[in-house]
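Asks: Okay, handing you the structure first.
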Amino acid sequence: MWGGRFESEPADAARAFTRSFPWDRRLYREDIVASRAHAAMLGARDIIGASDADALTAGLDRLLQELDEAGGPVDAGDEDIHSYVERVLIERLGDAGRRLHTARSRNDQVATDMRLYVKGLTLRIGRALVDLMAVLVDRAEPDTVAPGFTHLQSGQPVTLGHYLLAIHEMLSRDVDACYQVFALADVCPLGSGALAGVPYDIDREHAAHALHFSQITRNSMDAVADRDYLLAVLNLGVGILLHLSRWAEDLVVWASPGFAMVEFADAYATGSSIMPQKKNPDIAELVRGRAGTALGIASGMAATVKGVPLTYGLDLQEDKQALFRMEDLVLPSLGIMREAFKTLRFDRARMAQMAESGYATATEIADYLVERDAPFREAHEIAGRVVAAAIEAGVELTALTDDQLQALDARLGADLRERLTAERAVARRDVPGGTAPRQVRLAIADARGRIDLERGRLRELAASGLPAALAPWRPLND
Ligand code: ARG
């Protein structure tokens, strides 16, 4: 912003370098709605005349409608979205437009816009998470056995449903984090001015209430300097993408020929330009890659904030790009994982085979011996010898003869063999949080209940926590 103090116009290069309109145009709704609340408050407090306040609110309403119809503002060279909105109002309303910026600074203005945007974004993310969680639960088969790994080595058999509910748990923590970030952003900085507050008899609660903020900031310097809510939403995005990335990594492995437990639908896989046999899990790979990109954005923004002296510095303007880029990484990743997973083919026979391969039921032998009063350490030792004998003979555990078992330990009876199937191994892990089909059924019912609860909570926050004009999803399609 250049003004009367300047004798010359800014250099084109300086103007081009410092402007943020190309990115912050995306804040036009928040900026207009916040300006409307500010103008109405100025009128209510007689800081500007009633007719000016009316002209401003009507002018802002009209501009919002026009921009919605046009799909957002077009770049006419304005420095940022705030300058754009003010310029249009001045062109249309004259002096009334020139009064809008009374008792306000772009510093408290941009913080208000961004907090409103972050509140809406956390709800959009929350909903995308819940939509994905619902698909995970729909496909969580409690009776299908699958291999469970540690170190990517055969560990113990699990049920497919149990595995998918593990992903569900990760995402449900992300939903919790959405509410936390929403709450962090839910504080109104308007009225903090440039940094010291404003010398007018404003009503901060009035404006905050109109914007559906639940409270106002307590310190004007902190209010314009603070970007904690911004870093928090970036970290929320990183957390989600880290979860998606670990899942995506499993899918890449599971889809590889050595495992061959899942196959992406043709619509969600790609071929190779040279190797005709290839079917690549590109979507999973890209989600994994985008987690890296997101991490760079979040750590880059933290590094930017770290050096800004109190209160505001234009470094903070960089937060727009970070925020929007993060939104564009997180929401499409959640959406595409949902679609790709919905159509993923499970090879259940292969999963069952993998579940028992690599002597994955060996722990059963130790548990069997513990039931026959062996101390666990000793039982573990003997079970290890059974595995070694099977490896030596080149057979599965179940193929060892009664004599071979007896020779290893007299307590190893013929009834051990039936215990060594994946089905028996999973069924016996019937503790809360365990993989037994009975537990997984309970967990599925519980997860469905929580999904319904979250849907309701998100809907309620969308209705009560934001002005109608900023509803995070329009139309409300659930
Ligand atoms: N475009 C600026 C931003 O995004 C608005 C605030 C400008 N304030 C200032 N003192 N230059 O942060």
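In the structure tokens, chains take letters A, B, ... by order of appearance, with residues numbered from 1 within each chain and ligands from 1 in the order shown.
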Give me the residues of chain A that have any atom at most 9 Å from an atom of ligand 1; for each, the nearest atom pair and the distance in Å, rounded to one decimal. Use only C-alpha atoms and all ligand atoms, sort by chain and number, and format it as CSV.

Replies:
residue,atom,partner,partner_atom_place_in_ligand_line,distance
A:Met1,CA,ligand 1,11 (N),6.8
A:Thr18,CA,ligand 1,1 (N),8.5
A:Arg19,CA,ligand 1,1 (N),6.9
A:Ser20,CA,ligand 1,1 (N),5.6
A:Phe21,CA,ligand 1,1 (N),7.6
A:Asp24,CA,ligand 1,4 (O),7.2
A:Glu79,CA,ligand 1,1 (N),7.2
A:Asp80,CA,ligand 1,1 (N),5.2
A:Ile81,CA,ligand 1,1 (N),7.3
A:His82,CA,ligand 1,5 (C),7.2
A:Ser83,CA,ligand 1,1 (N),8.6
A:Ser105,CA,ligand 1,8 (N),7.4
A:Arg106,CA,ligand 1,6 (C),4.6
A:Asn107,CA,ligand 1,6 (C),4.9
A:Asp108,CA,ligand 1,6 (C),8.1
A:Gln109,CA,ligand 1,6 (C),7.5
A:Val110,CA,ligand 1,5 (C),5.5
A:Ala111,CA,ligand 1,12 (O),7.9
A:Ala194,CA,ligand 1,10 (N),7.3
A:Tyr312,CA,ligand 1,10 (N),6.7
A:Gly313,CA,ligand 1,10 (N),6.8
A:Leu314,CA,ligand 1,11 (N),5.8
A:Asp315,CA,ligand 1,12 (O),7.8
A:Leu316,CA,ligand 1,12 (O),5.6
A:Gln317,CA,ligand 1,12 (O),3.7
A:Glu318,CA,ligand 1,4 (O),7.0
A:Asp319,CA,ligand 1,4 (O),7.4
A:Lys320,CA,ligand 1,4 (O),6.8

Asks: Let's have the selection written as a JSON list (two decimals), in the first residue's frame, with N, CA, C and O atoms.

Replies:
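Contents of part_12.json, freshly written:
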[["chain", "number", "residue", "atom", "x", "y", "z"],
["A", 1, "MET", "N", 0.87, -1.20, 0.00],
["A", 1, "MET", "CA", 0.00, 0.00, 0.00],
["A", 1, "MET", "C", 0.90, 1.24, 0.00],
["A", 1, "MET", "O", 1.79, 1.36, 0.83],
["A", 18, "THR", "N", 5.74, -7.51, -4.35],
["A", 18, "THR", "CA", 5.13, -7.46, -3.02],
["A", 18, "THR", "C", 3.66, -7.83, -3.01],
["A", 18, "THR", "O", 3.10, -8.09, -1.96],
["A", 19, "ARG", "N", 3.01, -7.87, -4.15],
["A", 19, "ARG", "CA", 1.56, -8.08, -4.15],
["A", 19, "ARG", "C", 1.19, -9.54, -3.85],
["A", 19, "ARG", "O", 1.94, -10.47, -4.16],
["A", 20, "SER", "N", 0.02, -9.72, -3.27],
["A", 20, "SER", "CA", -0.44, -11.09, -2.94],
["A", 20, "SER", "C", -1.79, -11.42, -3.57],
["A", 20, "SER", "O", -2.32, -12.51, -3.36],
["A", 21, "PHE", "N", -2.32, -10.50, -4.38],
["A", 21, "PHE", "CA", -3.65, -10.75, -4.95],
["A", 21, "PHE", "C", -3.76, -12.09, -5.69],
["A", 21, "PHE", "O", -4.77, -12.78, -5.56],
["A", 24, "ASP", "N", -4.32, -14.41, -2.68],
["A", 24, "ASP", "CA", -5.33, -14.16, -1.63],
["A", 24, "ASP", "C", -6.69, -13.80, -2.20],
["A", 24, "ASP", "O", -7.64, -13.59, -1.46],
["A", 79, "GLU", "N", -3.11, -4.75, -5.12],
["A", 79, "GLU", "CA", -2.04, -5.32, -4.30],
["A", 79, "GLU", "C", -2.48, -6.62, -3.63],
["A", 79, "GLU", "O", -1.78, -7.62, -3.65],
["A", 80, "ASP", "N", -3.65, -6.57, -3.00],
["A", 80, "ASP", "CA", -4.16, -7.78, -2.36],
["A", 80, "ASP", "C", -5.68, -7.74, -2.36],
["A", 80, "ASP", "O", -6.28, -6.79, -2.86],
["A", 81, "ILE", "N", -6.30, -8.75, -1.80],
["A", 81, "ILE", "CA", -7.76, -8.84, -1.85],
["A", 81, "ILE", "C", -8.41, -7.69, -1.05],
["A", 81, "ILE", "O", -9.47, -7.18, -1.42],
["A", 82, "HIS", "N", -7.73, -7.25, 0.01],
["A", 82, "HIS", "CA", -8.29, -6.16, 0.83],
["A", 82, "HIS", "C", -8.34, -4.87, 0.01],
["A", 82, "HIS", "O", -9.34, -4.14, 0.02],
["A", 83, "SER", "N", -7.25, -4.58, -0.71],
["A", 83, "SER", "CA", -7.20, -3.37, -1.55],
["A", 83, "SER", "C", -8.23, -3.48, -2.68],
["A", 83, "SER", "O", -8.84, -2.48, -3.06],
["A", 105, "SER", "N", -7.09, -2.03, 10.43],
["A", 105, "SER", "CA", -5.82, -2.08, 9.70],
["A", 105, "SER", "C", -5.86, -3.36, 8.88],
["A", 105, "SER", "O", -6.61, -4.29, 9.20],
["A", 106, "ARG", "N", -5.05, -3.42, 7.84],
["A", 106, "ARG", "CA", -5.02, -4.70, 7.13],
["A", 106, "ARG", "C", -4.42, -5.80, 8.00],
["A", 106, "ARG", "O", -4.62, -6.98, 7.73],
["A", 107, "ASN", "N", -3.73, -5.40, 9.05],
["A", 107, "ASN", "CA", -3.13, -6.42, 9.92],
["A", 107, "ASN", "C", -4.18, -7.19, 10.71],
["A", 107, "ASN", "O", -4.13, -8.42, 10.78],
["A", 108, "ASP", "N", -5.14, -6.47, 11.31],
["A", 108, "ASP", "CA", -6.21, -7.22, 11.99],
["A", 108, "ASP", "C", -7.19, -7.80, 10.99],
["A", 108, "ASP", "O", -7.81, -8.85, 11.20],
["A", 109, "GLN", "N", -7.31, -7.11, 9.84],
["A", 109, "GLN", "CA", -8.23, -7.58, 8.80],
["A", 109, "GLN", "C", -7.79, -8.93, 8.24],
["A", 109, "GLN", "O", -8.58, -9.88, 8.14],
["A", 110, "VAL", "N", -6.51, -9.04, 7.89],
["A", 110, "VAL", "CA", -6.05, -10.28, 7.27],
["A", 110, "VAL", "C", -6.08, -11.43, 8.28],
["A", 110, "VAL", "O", -6.39, -12.58, 7.94],
["A", 111, "ALA", "N", -5.78, -11.09, 9.55],
["A", 111, "ALA", "CA", -5.84, -12.14, 10.57],
["A", 111, "ALA", "C", -7.27, -12.65, 10.73],
["A", 111, "ALA", "O", -7.51, -13.85, 10.92],
["A", 194, "ALA", "N", -3.57, -1.86, 13.74],
["A", 194, "ALA", "CA", -2.27, -2.23, 13.18],
["A", 194, "ALA", "C", -1.49, -3.08, 14.17],
["A", 194, "ALA", "O", -0.86, -4.06, 13.81],
["A", 312, "TYR", "N", 3.84, -7.42, 13.22],
["A", 312, "TYR", "CA", 3.62, -7.91, 11.87],
["A", 312, "TYR", "C", 4.84, -7.64, 10.99],
["A", 312, "TYR", "O", 5.53, -6.63, 11.16],
["A", 313, "GLY", "N", 5.10, -8.51, 10.06],
["A", 313, "GLY", "CA", 6.09, -8.28, 9.01],
["A", 313, "GLY", "C", 5.53, -8.91, 7.75],
["A", 313, "GLY", "O", 4.75, -9.87, 7.83],
["A", 314, "LEU", "N", 5.92, -8.38, 6.60],
["A", 314, "LEU", "CA", 5.29, -8.89, 5.37],
["A", 314, "LEU", "C", 5.66, -10.34, 5.08],
["A", 314, "LEU", "O", 5.03, -10.99, 4.26],
["A", 315, "ASP", "N", 6.64, -10.83, 5.80],
["A", 315, "ASP", "CA", 6.94, -12.27, 5.71],
["A", 315, "ASP", "C", 5.65, -13.07, 5.90],
["A", 315, "ASP", "O", 5.44, -14.11, 5.28],
["A", 316, "LEU", "N", 4.81, -12.56, 6.82],
["A", 316, "LEU", "CA", 3.60, -13.30, 7.18],
["A", 316, "LEU", "C", 2.62, -13.43, 6.00],
["A", 316, "LEU", "O", 1.76, -14.29, 6.01],
["A", 317, "GLN", "N", 2.78, -12.56, 5.02],
["A", 317, "GLN", "CA", 1.92, -12.65, 3.84],
["A", 317, "GLN", "C", 2.10, -14.00, 3.13],
["A", 317, "GLN", "O", 1.19, -14.46, 2.44],
["A", 318, "GLU", "N", 3.26, -14.60, 3.33],
["A", 318, "GLU", "CA", 3.53, -15.89, 2.69],
["A", 318, "GLU", "C", 2.58, -16.99, 3.18],
["A", 318, "GLU", "O", 2.50, -18.06, 2.58],
["A", 319, "ASP", "N", 1.89, -16.71, 4.29],
["A", 319, "ASP", "CA", 1.03, -17.77, 4.85],
["A", 319, "ASP", "C", -0.12, -18.18, 3.94],
["A", 319, "ASP", "O", -0.61, -19.29, 4.03],
["A", 320, "LYS", "N", -0.51, -17.26, 3.05],
["A", 320, "LYS", "CA", -1.62, -17.61, 2.14],
["A", 320, "LYS", "C", -1.26, -18.77, 1.23],
["A", 320, "LYS", "O", -2.00, -19.73, 1.10]]

Asks: Contacts between range 205-211 of chain A and range 84-157 of chain A, please, where a residue of range 84-157 of chain A counts if it comes within 12 Å (with only C-alpha atoms); show its shortest atom pair and distance in Å to one decimal, rows by chain and ascending number, as a tab-separated table.

Replies:
residue	atom	partner	partner_atom	distance
A:Arg104	CA	A:Ala207	CA	11.9
A:Gln109	CA	A:Ala207	CA	11.9
A:Thr112	CA	A:Leu211	CA	9.4
A:Asp113	CA	A:Leu211	CA	10.2
A:Arg115	CA	A:Leu211	CA	10.6
A:Leu116	CA	A:Leu211	CA	8.2
A:Tyr117	CA	A:Leu211	CA	11.6
A:Lys119	CA	A:Leu211	CA	11.4

Asks: Can you pull out the residues contacting Ala362 in chain A? Cut-off 10 Å, using only C-alpha atoms, and skip same-chain residues under 3 positions away; I want them as a ChimeraX atom specification.

Replies: /A:155-156,356,358-359,365-367,380,383-384,386-387,397,419-420,425

Asks: Record the distance separating CA of Val145 in chain A and CA of Arg348 in chain A, expressed in Å with one decimal.

Replies: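 Between these atoms lies a distance of 7.7 Å.
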
Asks: Determine the nearest neighbour of Ala422 in chain A from the options A:Pro281, A:Gly148, A:Pro276, A:Gly43, counting only C-alpha atoms.

Replies: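 Ranking A:Pro281, A:Gly148, A:Pro276, A:Gly43 by distance to Ala422 in chain A, first place goes to A:Gly148.
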
Asks: Identify which of the residues A:Val118, A:Ala146, A:Pro375, A:Gly193 lies closest to Glu30 in chain A, counting only C-alpha atoms when measuring atom-to-atom distances.

Replies: A:Val118

Asks: Smallest atom-to-atom distance to Asp415 in chain A: which of A:Leu244, A:Tyr368, A:Arg455, A:Ala427, using only C-alpha atoms?

Replies: A:Tyr368

Asks: If we count only C-alpha atoms and set the cut-off at 7 Å, which residues sit around range 333-337 of chain A, ignoring sequence neighbours fewer than 4 positions away in its own chain? Please answer as a short mmCIF file (atom, residue, chain, number, x, y, z; two decimals) with N, CA, C and O atoms, in the first residue's frame.

Replies:
data_model
loop_
_atom_site.label_atom_id
_atom_site.label_comp_id
_atom_site.auth_asym_id
_atom_site.auth_seq_id
_atom_site.Cartn_x
_atom_site.Cartn_y
_atom_site.Cartn_z
N ALA A 128 -14.13 -34.61 4.79
CA ALA A 128 -13.44 -35.51 3.86
C ALA A 128 -12.85 -36.71 4.61
O ALA A 128 -12.85 -37.84 4.11
N LEU A 129 -12.36 -36.46 5.82
CA LEU A 129 -11.84 -37.56 6.64
C LEU A 129 -12.95 -38.56 6.96
O LEU A 129 -12.78 -39.77 6.82
N LEU A 132 -13.98 -40.73 4.11
CA LEU A 132 -13.02 -41.81 3.87
C LEU A 132 -13.14 -42.89 4.95
O LEU A 132 -13.11 -44.09 4.67
N VAL A 287 0.28 -39.93 -3.38
CA VAL A 287 -0.14 -39.53 -2.03
C VAL A 287 1.08 -39.57 -1.11
O VAL A 287 1.32 -38.66 -0.31
N LEU A 329 -3.36 -30.01 -1.35
CA LEU A 329 -2.70 -31.31 -1.21
C LEU A 329 -3.60 -32.27 -0.43
O LEU A 329 -3.75 -33.44 -0.78
N PHE A 341 -9.73 -46.68 -3.06
CA PHE A 341 -9.91 -47.79 -2.11
C PHE A 341 -11.26 -48.46 -2.29
O PHE A 341 -11.38 -49.68 -2.16
#

Asks: Between A:Leu331, A:Leu160, A:Leu152, A:Leu100, which has the minimum distance to Ser35 in chain A (counting only C-alpha atoms)?

Replies: A:Leu100

Asks: Return as a count of residues only the full set of residues in range 161-338 of chain A whose backbone-based DSSP assignment is strand (DSSP E).

Replies: 6

Asks: Would you please work out which residue, of A:Ile297, A:Asp131, A:Ala225, A:Phe376, is nearest to Pro309 in chain A when using only C-alpha atoms?

Replies: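 Among the listed residues, the smallest separation from Pro309 in chain A belongs to A:Ala225.
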
Asks: Would you mind listing what lies within 8 Å of range 268-272 of chain A as an MDAnalysis selection string, with only C-alpha atoms counted and same-chain residues fewer than 6 positions away left out?

Replies: chainID A and resid 278:283 340
